[in-house]
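Here's the structure we're looking at; comments come further down.
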Amino acid sequence: MAERRSRTQKKKKDPNAPKRSLSAYMFFANETRDIVRAENPGIAFGQVGKVLGERWKALSDDQKKPFEDKAEADKKRYELEKAEYLKTQQQ
DNA sequence: ACAATGATTGTTTGG
DNA sequence: CCAAACAATCATTGT
């Protein structure tokens, strides 16, 4: 159910498309990518991705908290552009 | 009002 | 530049 669209635009949604915000995983990845790659010199691209995911959940909910916190802040960012987009499109 | 959907976010490496 | 694997997201939409 709900197949993941391999990503990369596929369909249009909105005229200005405010784009949503990032996910905690993105913030976590920003830091982990450094670690994972540091511990796995020469690791393959697809492999790192998997290892990353394992690490992500490997953390305790409290550890993801800091990441969620950033995701939370990013969401606000989206809200802002969304408001602008709505305003613009309404005009 | 409620439910489901879709679209999106960022990272990794390599030709 | 783009591709998959990884996870979250969560706002928008339609009836």
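To be explicit about the labels: the chains of the structure tokens are called A, B, and onward in the order shown, and within each one the residues are counted from 1, while ligands get numbers from 1 in the order they are shown.
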A:Pro18 surroundings by only C-alpha atoms (C1' of nucleotides), 10 Å radius, close-in-sequence under 3 positions cut, as a ChimeraX atom specification: /A:13-15,21,78-86 /B:8
Please produce, as CSV, a per-residue contact table for chain B versus chain A (criterion: any atom at most 9 Å away, only C-alpha atoms (C1' of nucleotides) considered), showing the nearest atom pair and its distance in Å to one decimal, sorted by chain then residue number.
```
residue,atom,partner,partner_atom,distance
B:DT5,C1',A:Ala2,CA,8.0
B:DG6,C1',A:Lys13,CA,8.6
B:DA7,C1',A:Lys13,CA,7.3
B:DT8,C1',A:Arg20,CA,5.8
B:DT9,C1',A:Leu22,CA,4.3
B:DG10,C1',A:Met26,CA,4.8
B:DT11,C1',A:Ala29,CA,6.0
B:DT12,C1',A:Phe45,CA,4.6
B:DT13,C1',A:Phe45,CA,4.4
B:DG14,C1',A:Phe45,CA,8.7
```
If we count only C-alpha atoms (C1' of nucleotides), which residues of chain C reach to within 6 Å of chain A? Please list them as a PyMOL selection string. chain C and resi 5-8
Just asking: which residues within chain A are alpha helix (DSSP H) according to DSSP, as a ChimeraX atom specification? /A:24-39,45-58,61-90
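Coordinates place atom C1' of C:DA11 at a distance of 18.7 Å from atom CA of A:Asp69.
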